[in-house]
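This report concerns only the one structure given below.
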Amino acid sequence: MGMLSGIIQQIIFGAVMGCLYALVAMCMVLIYRGTGILNFAQGEIVVFGAFVAYTLCVTLHWPYWLVFLASFAVCWLLGMVMDFLVFRRVVHKPHLNSLMVCVAVGMIIRNATGQIWTFDDLRMPPPFSDTVFQLPFGLVLSPLFLGIIVISLAIMLVFYLFLNRTKVGLSIRATSQNMTGAQLMGVPINSVYALCWAISSAIGSIAGILTAPLFVLNVGMFLVILKAIVAAVLGGIISLPGALMGGLLLGILENVIGTYSPSWIRHIFVWVVLLTVIIAMPQGLWGLITRRKD
Amino acid sequence: MDSFVDKRTRNACLGLIALFVLNLPFLFGTYLVFVFTVICVYAIVAMGMNILSGYTGMLSLGHQAFFGIGAYAAAILSTRYPGFPFPVALLVGGSISAVMGYLLGFSALRTSGVYLAIATIAFGMIMAEVFGEWASLTGGQVGLVVPPPAIGPLRFESATAIYYLTLAVAAVMFFLGINLISSNTGRAFIAIRENEISAQSFGISLVKYKTLSFAISAFYVGVAGGIYAYLLKYVAPIDFRLLVGIEFVIIVIVGGLGTILGSILGAILLFALPQLFAGLVDWQEFVTGLVLLLVILFFPEGLSGGFYRLMDWVRDGLASRRGPDAAPPRSHT
């Protein structure tokens with residue numbers, strides 16, 4: 001396998017991780033735009049969703065399509081409950097409060113997940129076969145990787161259309177632009193908040209089911225998901241296409257650089273990028289592109 | 001500072017507390033003395049975090065890095081130069097932290113709120129990797145064994161000696177902190193917290209005071225890290241991960257932002273309670289999260305705010321018994 005096809009192979013692997021980062025980043029963008037809260041608990045919600053799926057799949061032997069649906073529904077409920085109990089009270093409060101509330105909820109969910117299931121490592125069976133098949137030029141791909149890419153992109157597309165083409169999507173966008181204005185136009189903003197949390201938790205659970213087979217499933221997996229924040233910031237934190245770009249870029253660069261350099265560079269790289277983006281171009285990639293168009 | 005009780009009662013209370021704190025090693029066993037020393041270390045950390053979050057209104061989730069810098073400075077200096085005077089080691093660690101904090105403070109000029117928190121997370125993650133990978137200096141993932149604090153041939157080995165050392169450092173830092181907050185610098189910090197634009201219009205330089213606030217808080221946390229290294233006799237990168245930095249912020253929020261008393265109360269609550277309920281160690285994260293959540297949602301002033309409210313209530317009760325004119329006007333900082 002030559003150098004070039006090696007790089008291309010890493011780009012493919014990176015795109016798989018990138019799609020997952022993008023999926024979670026998209027959930028964060030939705031919450032940030034809708035409620036002004038940067039959801040630091042997203043990683044824990046994703047892991048919780050994966051654990052729910054583990055029980056349904058391994059203990060109860062449900063078919064995988066039903067597992068996806070059930071986990072989606074459970075996390076949808078979790079999102080609504082969290083919104084009702086906690087997050088509704090800190091909408092548009094100072095960032096210090098809302099951020100630390102997310103940290104607190106994250107700690108509670110993380111520990112509760114460990115208490116309900118286990119703090120040890122579990123093996124999540126993949127939804128699609130993970131045996132690789134050969135492509136031309138010595139490249140390999142597995143149905144699992146293909147499935148992750150297709151499902152993530154499909155969810156993002158559906159969600160994008162939902163947000164931009166439906167009336168409910170319009171009310172979410174209106175609330176994110178101007179809460180009072182939306183309220184005066186008859187948008188039930190409390191329902192909009194609940195919907196935002198429900199959607200982002202439910203999509204998060206799908207991301208969890210797709211991520212878990214790539215790693216071991218344990219409560220520490222939220223640290224992997226934490227990198228989705230980097231993707232969201234890289235994309236400019238308020239745009240869905242930005243989140244997709246940020247996620248893909250992050251996943252690909254991380255894999256390519258990680259393969260051809262010592263492991264500590266791979267670990268530091270993500271955070272150096274994040275620090276640079278925040279200090280040098282806080283509007284993110286999507287902000288740069290759209291500004292040039294104006 | 002406060003006038004919730006008359007001066008004589010307050011002095012008597014402070015005297016009793018001082019007596020208790022000074023005689024603590026004679027009252028309790030070695031383990032509890034160790035616990036109280038840890039609380040003192042975290043009280044110093046909390047004072048530093050409070051200068052940043054409570055008084056200047058900025059949030060950092062990366063201060064565990066400064067804790068680590070202080071700890072590694074103390075560890076490296078004491079292992080390489082036996083008998084290295086520990087106050088100098090603490091000052092060196094604190095100063096390196098302060099310089100790094102000053103530089104990190106520049107990111108606070110470009111960003112604020114959530115973005116600043118993410119930037120500090122990135123800084124903390126990078127420093128954690130540095131601690132783990134720069135093996136020739138830090139011992140890598142294995143870490144370093146730290147000799148007891150010493151000044152030349154004089155060594156402080158017992159838990160009691162380290163307790164008094166920590167107490168002395170905490171007292172010095174406490175009085176420095178109190179003086180800082182009531183100085184022009186402290187008032188500039190508070191002005192920035194309340195309103196950046198109006199602070200600027202009064203001639204307060206954001207560049208100067210935001211970076212200064214970061215540097216001072218990093219100095220506090222760095223010094224605390226140095227003591228922590230001497231106390232645990234061992235440093236490893238795992239002591240300086242993200243969750244530690246989050247705990248630092250939790251202490252000041254639960255204790256109460258913007259009061260030094262709150263820092264101490266927060267440190268006691270979050271580190272003494274788990275020691276008392278050792279059987280609940282699995283649930284500690286859950287309980288901490290729940291306490292944090294309840295405090296933010298229902299007691300935004302934290303424990304010290306609740307304490308002051310209680311004292312007001314007691315005083316008002318006394319005053320109404322004595323007559324309506326007895327109560328002096330309240331003024332809380």
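Going through the structure tokens in order, the chains are called A, B, and so on, while each chain numbers its residues from 1 and the ligands are numbered from 1 in the order shown.
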Give me, as a tab-separated table (two decimals) with N, CA and C atoms, in the first residue's frame, all polymer residues having an atom no more than 8 Å from Met125 (chain B), counting only C-alpha atoms and skipping those fewer than 6 positions away in the same chain.
chain	number	residue	atom	x	y	z
A	268	ILE	N	-2.64	16.45	21.44
A	268	ILE	CA	-2.58	17.90	21.63
A	268	ILE	C	-3.22	18.64	20.48
A	271	TRP	N	-6.71	20.24	20.59
A	271	TRP	CA	-6.90	21.38	21.50
A	271	TRP	C	-6.14	22.60	21.03
B	62	GLY	N	-9.63	25.53	33.25
B	62	GLY	CA	-8.29	25.03	32.96
B	62	GLY	C	-7.31	25.26	34.09
B	241	ARG	N	-6.29	16.37	35.72
B	241	ARG	CA	-7.14	16.24	34.54
B	241	ARG	C	-8.30	17.22	34.64
B	242	LEU	N	-9.10	17.25	33.58
B	242	LEU	CA	-10.18	18.24	33.45
B	242	LEU	C	-11.11	18.23	34.65
Item to check | Contact residues (chain A, partner chain B, 6 Å, only C-alpha atoms) as a PyMOL selection string | outcome: chain A and resi 95+101+104+107-108+111+268+271+275
Next on the checklist: With only C-alpha atoms as the counted atoms, please give the residues lying no more than 12 Å from Gly186 (chain A), apart from itself and same-chain residues fewer than 6 positions off, as a ChimeraX atom specification.
Outcome noted: /A:171,174-175,179-180,192
Next on the checklist: Env of Val45 (chain B): 7 Å cut, atoms = only C-alpha atoms, seq-sep filter 3 positions within chain, self excluded. Answer as an NGL selection string.
Outcome noted: :B and (41-42 or 48-49 or 220-221 or 224)
Next on the checklist: DSSP on the backbone, strand (DSSP E or B) only: what residues of region 95-287 of chain A does that give? Format it as a PyMOL selection string.
Outcome noted: chain A and resi 122+133-134+140-141+217
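Using only C-alpha atoms, the nearest neighbour of Val219 (chain A) within the list A:Ala70, A:Gly49, A:Phe119, A:Arg89 is A:Phe119.
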Next on the checklist: Residues within 12 Å of Pro87 (chain B), please, as a list in words. Count only C-alpha atoms; anything in the same chain fewer than 5 positions from it doesn't count.
Outcome noted: Gly70, Ala73, Ala74, Leu77, Ser78, Val92, Gly93, Gly94, Pro149, Ala150, Ile151, Gly152, Leu165, Thr166, Ala168, Val169, Val223, Ala224, Gly226, Ile227 and Tyr230 of chain B
Now that the selection is made, can you save its residues with C-alpha atoms as a compact mmCIF listing (two decimals), in the first residue's frame?
# COMPACT_ATOMS: atom_id res chain seq x y z
CA GLY B 70 2.95 24.39 40.91
CA ALA B 73 7.78 22.79 40.13
CA ALA B 74 7.89 21.80 43.79
CA LEU B 77 13.09 21.33 42.50
CA SER B 78 12.99 19.19 45.64
CA VAL B 92 8.79 29.48 41.77
CA GLY B 93 5.77 27.28 41.01
CA GLY B 94 3.41 30.14 41.71
CA PRO B 149 9.38 19.98 52.40
CA ALA B 150 12.73 21.19 53.67
CA ILE B 151 14.83 24.26 54.22
CA GLY B 152 18.41 23.06 53.82
CA LEU B 165 3.02 24.85 57.10
CA THR B 166 -0.10 24.69 54.97
CA ALA B 168 0.62 29.37 57.57
CA VAL B 169 0.67 29.62 53.78
CA VAL B 223 1.18 27.74 45.22
CA ALA B 224 -1.60 25.43 46.34
CA GLY B 226 3.12 23.02 45.32
CA ILE B 227 1.80 22.28 48.80
CA TYR B 230 4.47 17.95 49.34
Next on the checklist: I'd like the neighbourhood of Glu301 (chain B) as a PyMOL selection string, where a residue qualifies if any of its atoms comes within 9 Å (using only C-alpha atoms), though same-chain residues fewer than 2 positions away should be ignored.
Outcome noted: chain B and resi 253-258+295-296+298-299+303-306
Store the residues picked out above, limited to C-alpha atoms, as a CSV table (one decimal), in the first residue's frame.
chain,number,residue,atom,x,y,z
B,253,ILE,CA,-19.9,28.3,43.2
B,254,VAL,CA,-21.2,26.1,46.0
B,255,GLY,CA,-19.3,28.2,48.6
B,256,GLY,CA,-20.6,31.4,47.1
B,257,LEU,CA,-19.0,33.6,44.4
B,258,GLY,CA,-17.3,36.8,45.5
B,295,VAL,CA,-27.1,25.6,44.6
B,296,ILE,CA,-27.2,27.2,41.1
B,298,PHE,CA,-32.1,27.7,44.2
B,299,PHE,CA,-29.2,29.4,46.2
B,303,LEU,CA,-23.4,28.6,51.1
B,304,SER,CA,-21.9,31.9,52.4
B,305,GLY,CA,-24.9,33.8,51.0
B,306,GLY,CA,-27.1,31.4,53.0
Item to check | All residues 10 Å or closer to region 244-248 of chain A, only C-alpha atoms, same chain fewer than 2 positions away omitted, as a VMD selection string | outcome: chain A and resid 11 14 to 26 152 to 153 156 227 to 237 239 to 242 250 to 254 284 to 286
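Proximity of A:Ala41, A:Met221, A:Leu226, A:Leu56 to Ser98 (chain A), computed with only C-alpha atoms, is greatest for A:Ala41.
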Checklist entry - Out of region 130-285 of chain A, which residues get helix (DSSP H, G or I) from DSSP, as an MDAnalysis selection string? => result chainID A and resid 136:138 143:165 167:177 179:184 189:214 219:235 240:259 263:280 284:285
